[in-house]
Each structure stands twice: as structure tokens, then as C-alpha cells.
Amino acid sequence: MSGASNIYPTAELRARDAAHHMHPFSDTGALNREGVRVITGAEGVWLTDSDGNRYLDGMAGLWCCQVGHGRDEIADAVNRQMRELDYYNTFFKTSHPPVIALSEKLAELSPPQFNRVFFTSSGSEANDTVFRMVRTYWDLMGKPEKKTIIGRWNGYHGSTLAGTSLGGMAAMHGQGDLPVPGVHHIAQPYWFGEGGDMSPDEFGVWAAGELERAIDRIGEDKVAAFIAEPVQGAGGVIIPPDTYWPEVSRICRERGILLVADEVICGFGRLGSWFGSQHYGIEPDLMPIAKGLSSGYLPIGGVMVADRVADAFIEKGGEFFHGYTYSGHPACCAAALANLEIMQREKLVERVADDIGPYLQAKWRALGDHPLVGEARMVGLVGALELVPARGDRSRKFASLGEAGTLCRDLCFDNGLVMRAVRDSMIISPPLVLSHEEADDMIERIVRTLDQTHAALKKDGRLAA
Ligand code: PXG
């Protein structure tokens with residue numbers, strides 16, 4: 001097992017981390033007092049910490065490690081690339097073989113309207129690119145008043161200015177006085193939480209209708225685009241009702257606005273197709289990508305640009321004053337190429353659609369019978385369990401939002417499994433190489449964790465009578 005080369009005691013690593021490292025999305029003071037968990041190695045779907053504990057990586061890193069950890073093939077490809085051409089830029093009329101090969105590969109793997117990609121280093125940067133590309137597109141089309149971008153409450157599109165603004169996380173908006181002007185948010189298609197008395201199908205139509213009503217209010221001549229994740233990830237694995245996407249797709253087409261499908265989580269096999277939009281049969285104009293593109297081995301993202309948009313930039317000309325030092329970094333492209341080659345050779349996308357996906361989904365849905373679970377939903381290899389104080393009543397919530405989720409998440413770690421808690425939902429998004437045995441093992445750990453969480457909540461009187 002890798003990770004054995006760490007020579008430092010955990011207490012020392014924690015103290016040094018607390019002294020010098022500010023973590024993303026963290027209360028630094030509280031974290032420093034508690035002490036971090038230090039991960040020292042990973043292999044396949046397993047992580048090792050600095051005390052030698054093993055955890056099943058139920059979140060594939062951070063929704064990204066499709067091919068599993070510790071693939072020599074990717075490390076070797078990066079090593080070779082770095083020795084040959086460590087870094088050169090793609091500005092100023094310059095290119096290099098790995099970025100050319102990766103661009104071509106992405107055009108091959110993506111739906112037919114996509115033939116071009118703009119590279120970034122992350123999903124957040126990809127959405128900053130989207131923001132400027134969408135508005136510039138309408139300038140080029142002679143409709144400069146089309147500037148408003150519509151996103152969704154509880155959508156997640158990253159943590160930069162545009163990413164935070166397009167996303168609909170109120171707590172994030174509160175820091176930095178966001179969103180920037182010209183962004184509007186509509187309701188999310190979260191039936192379990194917000195569907196009220198409607199059936200899922202009725203609610204899907206209603207939630208899509210919110211887009212049409214927003215366009216009517218703002219004015220079609222002022223709306224540039226709608227951005228959404230095919231399945232919301234960070235928002236709590238919100239799987240939309242079947243009626244949602246066909247309606248959204250129709251509205252975007254009929255009302256002449258661009259459709260941006262944020263594929264940062266759903267792309268690269270997570271839903272059992274190369275892109276989440278293929279799963280839902282939608283044809284976006286732009287697709288931000290990252291995460292699974294390199295399985296997280298090196299940071300790389302991008303925006304897939306449909307011909308309709310790319311042609312405007314190409315034919316109407318003029319420089320797009322936009323790009324990043326590391327756009328198309330050679331070593332990151334080499335990592336992505338090696339990752340995609342593994343995915344194709346091992347047929348990981350097909351595996352999610354036909355094998356491990358249906359296998360895990362059946363076991364997952366059975367968790368819906370647990371007394372603590374109000375809904376167990378999963379598509380492809382991404383799922384959520386809604387923890388509830390009383391089954392069968394979607395309106396009943398825990399008195400203190402997120403407390404049950406946090407308790408369950410902490411117990412999960414103690415049981416050797418990494419899951420993420422979003423409010424009181426437990427989230428899973430494992431590597432696509434998860435074996436049947438590992439899936440069984442994972443479910444066992446979850447059942448144990450749910451039982452312990454249930455017992456602890458009951459003892460404290462936090463379940464409904
Ligand atoms: N779009 C989507 C749909 C994402 O999920 C981003 C954009 C931004 O990507 P970068 O690479 O800039 O992080 C994301 C990222 C969580 C969590 O806790 C989720 C993400 C990132 C960090 C934490 O669920 N998603």
C-alpha cells in the first residue's frame with residue numbers, strides 16, 4: 001500500500017498544517033483546534049491516513065477520480081511529458097502535441113455539435129470562461145443587450161467570481177458581495193425537498209417553467225444563457241424529475257438562449273454516458289468540464305464549445321482577450337490523455353451503464369427501507385440518501401439542519417468509508433472502477449453507519465415521536 005513513506009507523526013503534521021495552511025471551504029480556527037485528517041497514500045478505491053487507517057473513497061477524491069488511485073500509467077505519461085516538454089504556453093500562435101491530441105480526443109468523445117475546446121486549469125475557471133464567452137458571443141451576434149445569465153438556487157459552478165455568481169449558494173454570495181450584476185437565479189428541480197404536493201413529473205414541469213417565466217420577466221432580448229448541472233452535485237445530488245430536462249431544452253431552443261450544461265461532475269462517465277447531457281438527451285451549446293477529465297491526477301478543465309458558438313468567434317473575428325498561463329498545460333494534457341485511454345480501454349463508461357451502475361443502484365435503493373432514510377436516489381454512480389426524522393413525511397426536517405448529516409458523516413469515517421454530507425443528505429460518488437465486492441463492502445459500512453446514527457439520534461431524542 002502506498003503512503004508508507006510518510007515518516008512524520010500525525011500530531012506533528014497536524015500542528016504544521018494548523019500553523020501554515022488555510023483550507024478551502026473551512027472554518028480555519030475550528031479546524032485548527034480539531035486537527036486535520038492527513039491522507040498519505042491511495043490505491044484503487046482505498047485511501048490510507050497517517051495513522052495507517054484505510055478508508056473506502058466513496059467520493060472519488062472530490063467527485064473526480066474515475067479510474068481509481070495509483071495508476072502508474074498516468075504517472076508515467078506525465079513523467080515522460082515533463083522530461084520532453086515540461087511547460088510551454090498556448091498563447092501567441094503556439095501549440096504542442098499533447099494539447100492537440102487532447103483537443104482532438106475530446107471532440108471525438110463529445111456529442112457531434114462539439115468540435116472545439118478552450119482549456120483551463122479547473123471547473124471554476126471554466127465557468128469564468130463560460131461567463132465571458134457567452135456575453136461575447138451575443139456581442140458578436142449583434143445583440144449586445146443579451147447579457148443576463150440564468151442559473152439556479154443551490155446550483156454549484158465553482159468558487160471564483162463568475163463561478164460563485166452563477167452558482168446559487170446563498171452563503172457563498174454573502175462573502176464578496178455576489179453575485180455580480182446580470183445573473184438571475186431560479187428554483188432547482190429538487191422534488192424531495194421542494195416538490196410540495198406535486199408529483200415528481202408535475203414538479204419537473206413547474207421547475208422548468210420557472211425558466212420560461214424568468215425569461216418573460218427579464219425579456220427574451222436580454223437573456224443570454226441558462227446554466228445548470230445535469231444532476232446537481234455539491235447541492236446534494238439533486239436528480240431532476242424526467243420531465244425537467246426536455247422542457248428546459250425546449251425553452252432554451254424556442255426562446256433563443258444558449259444552454260450551458262456544467263459537466264464538471266456529470267462528465268466522463270459519472271451518469272453512465274460520456275457526458276451527463278447525453279444521459280438526458282439535451283444538446284448544450286457549452287459544456288464546462290474538469291475533474292474526471294484527468295481523474296484529478298493533475299488539474300485541468302476546459303469548456304467544450306459547440307460549432308454554433310465557435311463559428312461566431314471564428315467567422316466574426318477579433319481577438320478573444322481571455323486565457324490562462326496554464327491553458328492546455330502539456331503535463332496536464334498528458335495526464336488527461338492517459339486517463340481517457342484507460343477509461344476507453346477498460347470501458348468504464350459502459351461499465352457504469354451496464355454493470356456496476358445497476359448493481360450499486362439496486363443495493364442503494366434498498367437502503368431506502370432504513371428507518372432513517374426518506375429517499376435513496378442514484379443515477380449512474382452518483383447518489384444521495386435523505387436522512388429524515390420520520391419516514392413518509394417529506395415536510396418533517398431535523399430540528400437543527402445538517403446535524404444528523406454531520407454526525408452520520410463522522411461515523412462513516414470511523415467505519416472506514418468516506419461519504420460527504422450535504423445538509424442532512426449523505427452523498428456517494430465512488431470511482432468508476434469500484435468492483436462488486438467493494439460495492440458490497442461499501443453498502444455494509446453504510447448500513448452499519450446508518451444504524452449507529454439512528455441509535456445516537458434516538459438516544460438524544462432527535463427523531464420524531
Ligand atoms: N462546476 C461544478 C458542477 C462543480 O461541481 C465546479 C464547477 C468548480 O470546479 P473546481 O475545479 O474549480 O473546483 C465544481 C466543483 C463539494 C465540492 O464539496 C464540489 C466541487 C468542488 C469542491 C467541493 O461537493 N465541485
# chains A, B, ... in the order shown; residues from 1 in each chain; ligands from 1
>>> residues_around(residues="stretch 325-338 of chain A", least_positions_apart="2", cutoff="10 Å", atoms="only C-alpha atoms", output="PyMOL selection string")
chain A and resi 71+73-91+95-103+105-106+117-122+290-302+323+340-344
>>> select_by_dssp(residues="stretch 338-397 of chain A", states="alpha helix (DSSP H)", output="count of residues only")
26
>>> residues_near_ligand(ligand="ligand 1", cutoff="7 Å", atoms="only C-alpha atoms and all ligand atoms", output="NGL selection string")
:A and (62 or 122-125 or 127 or 156-159 or 163 or 229 or 232-234 or 262-265 or 290-291)
>>> select_by_dssp(residues="stretch 177-405 of chain A", states="strand (DSSP E or B)", output="PyMOL selection string")
chain A and resi 183-186+223-228+232+238+258-261+286-289+301-306+373-379+382-387
>>> write_last_selection(atoms="C-alpha atoms", output="mmCIF file, in the first residue's frame")
data_model
loop_
_atom_site.group_PDB
_atom_site.id
_atom_site.type_symbol
_atom_site.label_atom_id
_atom_site.label_comp_id
_atom_site.auth_asym_id
_atom_site.auth_seq_id
_atom_site.Cartn_x
_atom_site.Cartn_y
_atom_site.Cartn_z
ATOM 1 C CA VAL A 183 -27.069 36.944 -13.022
ATOM 2 C CA HIS A 184 -30.514 35.672 -12.072
ATOM 3 C CA HIS A 185 -31.424 32.517 -10.150
ATOM 4 C CA ILE A 186 -34.479 30.288 -10.418
ATOM 5 C CA VAL A 223 -31.272 36.844 -21.613
ATOM 6 C CA ALA A 224 -28.019 35.308 -22.851
ATOM 7 C CA ALA A 225 -27.958 31.797 -21.395
ATOM 8 C CA PHE A 226 -29.160 29.271 -18.866
ATOM 9 C CA ILE A 227 -26.542 27.316 -16.927
ATOM 10 C CA ALA A 228 -27.215 24.127 -14.969
ATOM 11 C CA GLN A 232 -26.626 18.925 -9.174
ATOM 12 C CA ILE A 238 -30.383 16.514 -6.958
ATOM 13 C CA LEU A 258 -27.704 29.415 -25.024
ATOM 14 C CA LEU A 259 -27.796 26.282 -22.909
ATOM 15 C CA VAL A 260 -24.738 25.639 -20.758
ATOM 16 C CA ALA A 261 -24.539 22.158 -19.215
ATOM 17 C CA LEU A 286 -21.279 25.000 -23.998
ATOM 18 C CA MET A 287 -20.032 22.371 -21.568
ATOM 19 C CA PRO A 288 -17.601 23.271 -18.783
ATOM 20 C CA ILE A 289 -15.532 20.185 -17.897
ATOM 21 C CA GLY A 301 -10.501 21.786 -17.060
ATOM 22 C CA GLY A 302 -11.991 23.363 -20.107
ATOM 23 C CA VAL A 303 -15.066 24.447 -21.980
ATOM 24 C CA MET A 304 -16.405 22.365 -24.842
ATOM 25 C CA VAL A 305 -17.645 24.864 -27.405
ATOM 26 C CA ALA A 306 -20.382 23.904 -29.878
ATOM 27 C CA VAL A 373 -33.783 7.222 5.128
ATOM 28 C CA GLY A 374 -36.563 9.181 3.434
ATOM 29 C CA GLU A 375 -35.297 8.706 -0.109
ATOM 30 C CA ALA A 376 -32.431 6.753 -1.672
ATOM 31 C CA ARG A 377 -31.729 8.078 -5.166
ATOM 32 C CA MET A 378 -28.939 7.243 -7.592
ATOM 33 C CA VAL A 379 -28.167 7.642 -11.273
ATOM 34 C CA VAL A 382 -23.755 9.137 -8.007
ATOM 35 C CA GLY A 383 -26.341 9.007 -5.280
ATOM 36 C CA ALA A 384 -27.834 10.506 -2.140
ATOM 37 C CA LEU A 385 -29.639 9.307 0.962
ATOM 38 C CA GLU A 386 -32.038 11.800 2.508
ATOM 39 C CA LEU A 387 -31.838 11.382 6.281
#
>>> closest_residue(among="A:Lys363, A:Arg420, A:Arg448, A:Lys316", to="A:Tyr137", atoms="only C-alpha atoms")
A:Lys316
>>> closest_atom_pairs(of="stretch 35-112 of chain A", to="stretch 347-352 of chain A", cutoff="12 Å", atoms="only C-alpha atoms", output="CSV")
residue,atom,partner,partner_atom,distance
A:Gln66,CA,A:Leu348,CA,8.3
A:Val67,CA,A:Leu348,CA,7.9
A:Gly68,CA,A:Leu348,CA,11.0
A:Leu109,CA,A:Val349,CA,11.3
